[in-house]
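S.K.: Structure supplied as coords20.txt; contents: compact mmCIF, C-alpha atoms and all ligand atoms.
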# COMPACT_ATOMS: atom_id res chain seq x y z
CA LEU L 1 -30.26 -34.87 -4.44
CA ILE L 2 -28.76 -31.47 -5.14
CA SER L 3 -31.21 -30.64 -7.94
CA ARG L 4 -33.99 -28.06 -7.67
CA LYS L 5 -36.31 -30.74 -8.95
CA HIS L 6 -35.55 -32.79 -5.88
CA GLN L 7 -35.81 -29.84 -3.45
CA ALA L 8 -37.41 -26.51 -4.33
CA GLU L 9 -36.27 -24.48 -1.29
CA ASP L 10 -32.74 -23.12 -1.02
CA THR L 11 -30.42 -25.11 1.20
CA VAL L 12 -29.07 -23.07 4.08
CA VAL L 13 -25.63 -24.38 5.07
CA ARG L 14 -25.07 -24.08 8.82
CA VAL L 15 -21.60 -23.31 10.07
CA GLY L 16 -22.03 -23.15 13.84
CA ASP L 17 -24.43 -20.24 14.37
CA PHE L 18 -23.62 -18.76 10.95
CA GLN L 19 -25.90 -19.36 7.99
CA VAL L 20 -24.71 -19.55 4.39
CA GLY L 21 -27.37 -19.05 1.73
CA ASN L 22 -30.08 -17.45 3.87
CA GLY L 23 -30.36 -14.42 1.59
CA THR L 24 -27.77 -12.24 3.32
CA PRO L 25 -24.61 -12.01 1.19
CA PHE L 26 -21.38 -12.69 3.04
CA VAL L 27 -17.63 -12.77 2.48
CA ILE L 28 -15.04 -15.47 3.15
CA ALA L 29 -11.59 -13.92 3.48
CA GLY L 30 -8.07 -14.69 4.56
CA PRO L 31 -4.73 -15.48 3.00
CA CYS L 32 -3.98 -17.95 0.25
CA SER L 33 -1.73 -19.95 2.62
CA VAL L 34 -1.42 -20.17 6.38
CA GLU L 35 2.21 -19.09 6.92
CA ASN L 36 2.62 -18.46 10.64
CA VAL L 37 0.80 -17.51 13.86
CA GLU L 38 1.48 -13.77 13.59
CA GLN L 39 0.15 -13.59 10.04
CA MET L 40 -3.11 -15.39 10.84
CA ASP L 41 -3.57 -13.33 13.99
CA ALA L 42 -3.09 -10.04 12.15
CA VAL L 43 -5.44 -11.04 9.33
CA GLY L 44 -8.04 -12.54 11.69
CA ALA L 45 -8.04 -9.45 13.91
CA HIS L 46 -8.63 -7.15 10.96
CA LEU L 47 -11.23 -9.29 9.21
CA SER L 48 -13.28 -9.90 12.34
CA LYS L 49 -13.48 -6.12 12.85
CA GLU L 50 -14.89 -5.95 9.33
CA GLY L 51 -17.60 -8.39 10.35
CA ILE L 52 -16.15 -11.36 8.48
CA LYS L 53 -17.29 -14.66 10.01
CA ILE L 54 -15.35 -17.17 7.92
CA LEU L 55 -11.56 -17.13 7.85
CA ARG L 56 -9.74 -18.99 5.10
CA GLY L 57 -6.15 -20.16 4.83
CA GLY L 58 -4.58 -23.05 2.92
CA ALA L 59 -2.53 -25.66 4.77
CA TYR L 60 -2.30 -28.23 1.98
CA LYS L 61 -1.47 -26.25 -1.14
CA PRO L 62 -1.90 -27.90 -4.53
CA ARG L 63 0.84 -25.90 -6.26
CA THR L 64 1.56 -26.00 -9.96
CA SER L 65 5.30 -26.35 -9.30
CA PRO L 66 6.65 -28.96 -6.86
CA TYR L 67 9.29 -26.43 -5.82
CA ASP L 68 6.75 -23.87 -4.59
CA PHE L 69 5.60 -23.62 -0.94
CA GLN L 70 3.45 -26.69 -0.24
CA GLY L 71 1.76 -25.49 2.94
CA LEU L 72 2.22 -26.25 6.65
CA GLY L 73 -0.10 -29.27 6.75
CA VAL L 74 -1.77 -30.06 10.06
CA GLU L 75 0.32 -27.37 11.78
CA GLY L 76 -1.35 -24.89 9.44
CA LEU L 77 -4.81 -26.21 10.32
CA LYS L 78 -4.03 -25.65 14.01
CA ILE L 79 -2.83 -22.09 13.40
CA LEU L 80 -5.96 -21.35 11.38
CA ARG L 81 -8.21 -22.88 14.05
CA ASP L 82 -6.56 -20.86 16.82
CA ALA L 83 -6.79 -17.58 14.88
CA ALA L 84 -10.44 -18.20 14.01
CA LYS L 85 -11.32 -19.08 17.63
CA LYS L 86 -9.46 -16.09 19.03
CA HIS L 87 -11.34 -13.69 16.77
CA GLY L 88 -14.77 -15.32 16.98
CA MET L 89 -14.75 -16.70 13.45
CA TYR L 90 -15.18 -20.03 11.67
CA SER L 91 -12.51 -21.57 9.47
CA VAL L 92 -12.24 -23.06 5.99
CA SER L 93 -9.24 -24.86 4.53
CA GLU L 94 -8.53 -27.14 1.60
CA ILE L 95 -7.99 -30.86 2.10
CA VAL L 96 -6.40 -32.81 -0.73
CA ALA L 97 -6.29 -36.41 0.50
CA PRO L 98 -9.34 -38.58 1.30
CA GLU L 99 -7.61 -39.98 4.38
CA ASP L 100 -7.16 -36.48 5.81
CA VAL L 101 -10.83 -35.50 5.72
CA GLU L 102 -11.81 -37.00 9.08
CA MET L 103 -8.69 -35.63 10.78
CA ALA L 104 -9.39 -32.15 9.37
CA CYS L 105 -12.87 -32.19 10.92
CA GLU L 106 -11.22 -31.93 14.34
CA TYR L 107 -9.64 -28.61 13.42
CA ILE L 108 -11.72 -26.73 10.88
CA ASP L 109 -15.35 -25.81 10.32
CA ILE L 110 -15.60 -26.11 6.53
CA ILE L 111 -13.65 -28.54 4.35
CA GLN L 112 -12.65 -27.07 1.00
CA ILE L 113 -12.21 -29.23 -2.08
CA GLY L 114 -10.11 -27.29 -4.56
CA ALA L 115 -10.47 -26.87 -8.29
CA ARG L 116 -7.73 -29.39 -9.04
CA ASN L 117 -9.51 -32.04 -7.01
CA MET L 118 -13.09 -31.46 -8.14
CA GLN L 119 -13.14 -34.85 -9.82
CA ASN L 120 -11.08 -36.68 -7.20
CA PHE L 121 -13.94 -39.06 -6.58
CA GLU L 122 -12.43 -40.75 -3.53
CA LEU L 123 -12.00 -37.32 -1.95
CA LEU L 124 -15.61 -36.44 -2.82
CA LYS L 125 -16.82 -39.68 -1.22
CA ALA L 126 -14.76 -38.98 1.90
CA ALA L 127 -16.27 -35.48 2.08
CA GLY L 128 -19.71 -37.02 1.76
CA SER L 129 -19.09 -39.30 4.71
CA VAL L 130 -18.46 -36.59 7.31
CA ARG L 131 -20.84 -34.15 8.94
CA LYS L 132 -19.05 -30.90 8.10
CA PRO L 133 -19.98 -28.33 5.47
CA ILE L 134 -18.03 -28.71 2.23
CA LEU L 135 -16.89 -25.83 0.02
CA LEU L 136 -16.59 -27.38 -3.44
CA LYS L 137 -14.74 -25.41 -6.10
CA ARG L 138 -15.40 -25.82 -9.79
CA GLY L 139 -12.62 -27.57 -11.70
CA LEU L 140 -10.40 -25.56 -14.01
CA SER L 141 -11.91 -27.22 -17.08
CA ALA L 142 -15.14 -28.60 -15.67
CA THR L 143 -18.51 -28.02 -17.27
CA ILE L 144 -21.38 -26.95 -15.04
CA GLU L 145 -22.82 -30.44 -15.41
CA GLU L 146 -19.58 -32.04 -14.23
CA PHE L 147 -19.44 -29.58 -11.34
CA LEU L 148 -22.97 -30.48 -10.25
CA ASN L 149 -22.15 -34.18 -10.55
CA ALA L 150 -19.17 -33.67 -8.25
CA ALA L 151 -21.50 -32.09 -5.69
CA GLU L 152 -23.91 -34.99 -6.17
CA TYR L 153 -21.10 -37.41 -5.25
CA ILE L 154 -20.80 -35.68 -1.87
CA ALA L 155 -24.56 -35.54 -1.33
CA SER L 156 -25.00 -39.17 -2.39
CA ARG L 157 -22.89 -40.21 0.60
CA GLY L 158 -25.17 -38.37 2.99
CA ASN L 159 -23.69 -34.87 3.28
CA SER L 160 -25.80 -32.19 1.61
CA GLN L 161 -24.22 -29.26 3.45
CA ILE L 162 -22.38 -28.13 0.31
CA ILE L 163 -21.40 -24.65 -0.87
CA LEU L 164 -20.62 -24.40 -4.60
CA CYS L 165 -17.82 -22.08 -5.66
CA GLU L 166 -17.35 -20.63 -9.14
CA ARG L 167 -13.64 -19.75 -9.35
CA GLY L 168 -13.10 -19.17 -13.05
CA ILE L 169 -12.35 -21.61 -15.84
CA ARG L 170 -9.58 -22.01 -18.40
CA THR L 171 -10.07 -20.20 -21.67
CA TYR L 172 -7.70 -18.71 -24.25
CA GLU L 173 -7.95 -15.30 -22.53
CA LYS L 174 -4.80 -14.29 -20.70
CA ALA L 175 -5.82 -10.89 -19.34
CA THR L 176 -7.19 -12.59 -16.26
CA ARG L 177 -5.78 -15.63 -14.45
CA ASN L 178 -8.95 -17.59 -15.25
CA THR L 179 -12.16 -16.53 -16.96
CA LEU L 180 -14.93 -15.96 -14.45
CA ASP L 181 -17.99 -17.77 -15.80
CA ILE L 182 -20.55 -15.31 -14.53
CA SER L 183 -23.38 -17.22 -16.27
CA ALA L 184 -22.58 -20.20 -14.09
CA VAL L 185 -23.93 -18.40 -11.04
CA PRO L 186 -27.59 -18.04 -12.08
CA ILE L 187 -27.46 -21.41 -13.84
CA LEU L 188 -26.19 -23.14 -10.69
CA LYS L 189 -28.85 -21.33 -8.64
CA GLN L 190 -31.53 -22.52 -11.07
CA GLU L 191 -30.31 -26.08 -11.36
CA SER L 192 -29.49 -26.62 -7.70
CA HIS L 193 -30.76 -25.52 -4.28
CA LEU L 194 -27.20 -25.25 -2.91
CA PRO L 195 -25.63 -21.87 -2.05
CA VAL L 196 -23.15 -20.46 -4.57
CA VAL L 197 -20.13 -18.27 -3.87
CA VAL L 198 -17.73 -16.59 -6.29
CA ASP L 199 -13.98 -16.54 -5.69
CA VAL L 200 -13.07 -13.14 -7.07
CA SER L 201 -9.36 -13.66 -6.35
CA HIS L 202 -8.56 -16.90 -8.18
CA SER L 203 -10.99 -16.14 -11.02
CA THR L 204 -9.41 -12.81 -11.90
CA GLY L 205 -5.93 -12.92 -10.36
CA ARG L 206 -6.19 -9.12 -10.47
CA LYS L 207 -6.80 -6.65 -7.67
CA ASP L 208 -7.64 -3.77 -10.02
CA ILE L 209 -10.94 -5.27 -11.24
CA MET L 210 -11.96 -6.97 -8.02
CA PHE L 211 -14.59 -4.42 -7.03
CA PRO L 212 -16.56 -4.47 -10.32
CA ILE L 213 -16.27 -8.28 -10.45
CA ALA L 214 -17.47 -8.58 -6.86
CA LYS L 215 -20.47 -6.38 -7.68
CA ALA L 216 -21.21 -8.46 -10.78
CA ALA L 217 -21.09 -11.70 -8.79
CA LEU L 218 -23.53 -10.43 -6.17
CA ALA L 219 -25.74 -8.82 -8.84
CA VAL L 220 -26.25 -12.17 -10.61
CA GLY L 221 -27.24 -13.86 -7.36
CA ALA L 222 -24.12 -15.20 -5.68
CA ASP L 223 -24.69 -15.88 -1.99
CA GLY L 224 -21.19 -14.78 -1.12
CA LEU L 225 -17.65 -13.99 -2.19
CA ILE L 226 -14.17 -15.30 -1.48
CA ILE L 227 -11.49 -12.62 -1.30
CA GLU L 228 -7.85 -13.53 -0.61
CA THR L 229 -6.42 -11.13 1.94
CA HIS L 230 -2.96 -10.98 3.51
CA ASN L 231 -1.33 -8.66 6.04
CA ASN L 232 1.72 -8.28 3.78
CA PRO L 233 0.97 -9.62 0.28
CA ALA L 234 4.39 -8.62 -1.06
CA VAL L 235 6.04 -11.37 0.99
CA ALA L 236 3.21 -13.93 0.74
CA LEU L 237 4.41 -17.49 0.13
CA SER L 238 1.72 -18.05 -2.53
CA ASP L 239 -0.46 -15.89 -4.79
CA ALA L 240 1.37 -12.72 -3.77
CA ASN L 241 0.05 -10.77 -6.78
CA GLN L 242 -3.66 -11.23 -6.20
CA GLN L 243 -4.02 -10.95 -2.42
CA LEU L 244 -5.42 -7.71 -1.05
CA ASP L 245 -3.69 -6.06 1.87
CA LEU L 246 -5.79 -5.16 4.91
CA PRO L 247 -6.60 -1.53 3.93
CA GLN L 248 -7.48 -2.66 0.40
CA PHE L 249 -9.81 -5.26 1.88
CA SER L 250 -11.53 -2.64 4.03
CA ASN L 251 -11.80 -0.40 1.02
CA ILE L 252 -13.58 -2.99 -1.11
CA MET L 253 -15.90 -3.85 1.81
CA ASN L 254 -16.78 -0.18 2.24
CA ASN L 255 -17.43 0.17 -1.48
CA LEU L 256 -19.66 -2.92 -1.51
CA ARG L 257 -21.61 -1.64 1.50
CA GLU L 258 -21.98 1.87 0.12
CA SER L 259 -23.25 0.53 -3.18
CA GLY L 260 -25.78 -1.66 -1.37
CA TYR L 261 -24.31 -5.04 -2.31
CA LEU L 262 -23.44 -5.94 1.27
CA SER L 263 -25.10 -4.90 4.50
C1 LIG L 301 -7.52 -21.84 -2.96
O1 LIG L 301 -8.66 -21.40 -2.77
O2 LIG L 301 -6.64 -21.79 -2.10
C2 LIG L 301 -7.18 -22.45 -4.26
C3 LIG L 301 -6.05 -23.13 -4.45
O3 LIG L 301 -8.10 -22.23 -5.22
P1 LIG L 301 -8.49 -23.11 -6.50
O4 LIG L 301 -8.64 -24.52 -6.04
O5 LIG L 301 -9.79 -22.49 -6.93
O6 LIG L 301 -7.40 -22.91 -7.50
MN MN L 302 -4.54 -18.72 -3.64
Would you encode the structure as structure tokens?

M.R.:
Amino acid sequence: LISRKHQAEDTVVRVGDFQVGNGTPFVIAGPCSVENVEQMDAVGAHLSKEGIKILRGGAYKPRTSPYDFQGLGVEGLKILRDAAKKHGMYSVSEIVAPEDVEMACEYIDIIQIGARNMQNFELLKAAGSVRKPILLKRGLSATIEEFLNAAEYIASRGNSQIILCERGIRTYEKATRNTLDISAVPILKQESHLPVVVDVSHSTGRKDIMFPIAKAALAVGADGLIIETHNNPAVALSDANQQLDLPQFSNIMNNLRESGYLS
């Protein structure tokens, strides 16, 4: 269902009145984790002024260590929803349990399935059974074929409003957090009609190369970017090192606009 052979035209994913994959590149931004009302309000206010339409923030955090911040759960979804509403934006947040998918639809506009759950087939089936757009991230060690099969699981249950996200894969290279598989972008666009975004934060884990990587992603045909942004990254409860602060976010947006990658 998600193959180009099945459908030649690009799928445009509709998030309210916002269109993903209609040829105009866009940016999803917001913090790694929803931490509190003030944080989401500060970030939402700034991002909406920058023209950002989709606000992210994790409420269920799949952390490597069980002792790290695990997220605020449904309280976090509510905080995200309120911040997005207040600033005229839509929201995206990761859901990790199949039984939470329907509940999450009441609060958020896009359900994210994270890299660690790309092959959680019960979660994929649950995502396929609702009528909300799904942001599906590539697994840490997933081939492109496995990634596309994960998307097919969702589509096979009747939901083809899927955004694919390349977020870097595991290689031996340690200079970046993951290795951004830039080739995946044009391959995914060729193989599938679904929109593709690149997460420049989790793929690199580095702020200093984010601008060239963002340009590269858009140059090879990504429909959009994900950029983690926090009002005070130094005290962030997760991914403190890679989140941009608000002036840094504006700076990268200005640079992308001036170089013609974003309008
Ligand atoms: C995230 O986007 O919050 C996240 C945890 O990313 P990933 O699943 O790509 O590691
Ligand atoms: Mn993160």

S.K.: For Val92 in chain L, which of L:Leu55, L:Ala45, L:Ile226, L:Ile169 is the closest residue, counting all atoms listed in the file?

M.R.: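 Ranking L:Leu55, L:Ala45, L:Ile226, L:Ile169 by distance to Val92 in chain L, first place goes to L:Leu55.
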
S.K.: Which residues come within 8 Å of Val130 in chain L, counting all atoms listed in the file, excluding same-chain residues fewer than 3 positions away, as a JSON list (two decimals) with C-alpha atoms, in the frame of the given file?

M.R.:
[["chain", "number", "residue", "atom", "x", "y", "z"],
["L", 101, "VAL", "CA", -10.83, -35.50, 5.72],
["L", 102, "GLU", "CA", -11.81, -37.00, 9.08],
["L", 105, "CYS", "CA", -12.87, -32.19, 10.92],
["L", 126, "ALA", "CA", -14.76, -38.98, 1.90],
["L", 127, "ALA", "CA", -16.27, -35.48, 2.08],
["L", 159, "ASN", "CA", -23.69, -34.87, 3.28]]

S.K.: Suppose you want the space between CA of Gln248 in chain L and CA of Lys85 in chain L; what is it in Å?

M.R.: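 Between CA of Gln248 in chain L and CA of Lys85 in chain L the gap is 24.1 Å.
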
S.K.: Between CA of Ile110 in chain L and CA of Asp208 in chain L, what distance in Å does the model show, to one decimal?

M.R.: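 CA of Asp208 in chain L lies at a distance of 28.9 Å from CA of Ile110 in chain L.
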
S.K.: Counting all atoms listed in the file, select every polymer residue within 9 Å of (-19.3, -14.7, -0.3) as defined in the file's coordinates, and provide the selection as number ranges by chain.

M.R.: L: 20, 25-29, 196-199, 218, 222-227

S.K.: Neighbouring residues of Ala234 in chain L were defined as those with any atom within 9 Å, considering all atoms listed in the file; residues of the same chain fewer than 4 positions away were excluded. Please report them as JSON, numbers by chain.

M.R.: {"L": [230, 240, 241, 243, 245]}

S.K.: Would you kindly return, as a PyMOL selection string, each protein, DNA or RNA residue with an atom no farther than 10 Å from any atom of range 62-66 of chain L, considering all atoms listed in the file and excluding same-chain residues fewer than 5 positions away?

M.R.: chain L and resi 71+94-96+114-117+238

S.K.: At a cut-off of 7 Å and counting only C-alpha atoms and all ligand atoms, what residues surround ligand MN 302 (chain L)? Please answer as number ranges by chain.

M.R.: L: 32-33, 202, 228, 238-239

S.K.: With C-alpha atoms retained, write the just-selected residues as a CSV table (one decimal), in the frame of the given file.

M.R.:
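What follows is the written file again-v2.csv:
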chain,number,residue,atom,x,y,z
L,32,CYS,CA,-4.0,-18.0,0.2
L,33,SER,CA,-1.7,-20.0,2.6
L,202,HIS,CA,-8.6,-16.9,-8.2
L,228,GLU,CA,-7.8,-13.5,-0.6
L,238,SER,CA,1.7,-18.0,-2.5
L,239,ASP,CA,-0.5,-15.9,-4.8

S.K.: L:Ser3, L:Ser192, L:Ser250, L:Thr179: which is nearest ligand LIG 301 (chain L), counting all atoms listed in the file?

M.R.: L:Thr179

S.K.: Name the closest residue to Ile54 in chain L among the candidates L:Ile2, L:Met103, L:Ala42, L:Ile108; distances are taken between atoms, counting all atoms listed in the file.

M.R.: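 Looking only at the distances to Ile54 in chain L, the closest residue turns out to be L:Ile108.
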
S.K.: Just the residues within 10 Å of Asp82 in chain L, please, counting only C-alpha atoms, with nothing from its chain fewer than 5 positions along; format it as a list in words.

M.R.: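 Once the nearby chain positions are removed, what remains is Val37, Met40, Asp41, Gly44, Gly76, Leu77, His87, Gly88, Met89, Ser91, Tyr107 and Ile108 of chain L.
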
S.K.: Might you pull out every residue within 8 Å of range 253-257 of chain L, with all atoms listed in the file counted and same-chain residues fewer than 4 positions away left off, and present them as number ranges by chain?

M.R.: L: 50, 211, 215, 249, 261-263

S.K.: Please measure the separation of CA of Tyr67 in chain L and CA of Arg138 in chain L, giving the value in Å to one decimal.

M.R.: 25.0 Å
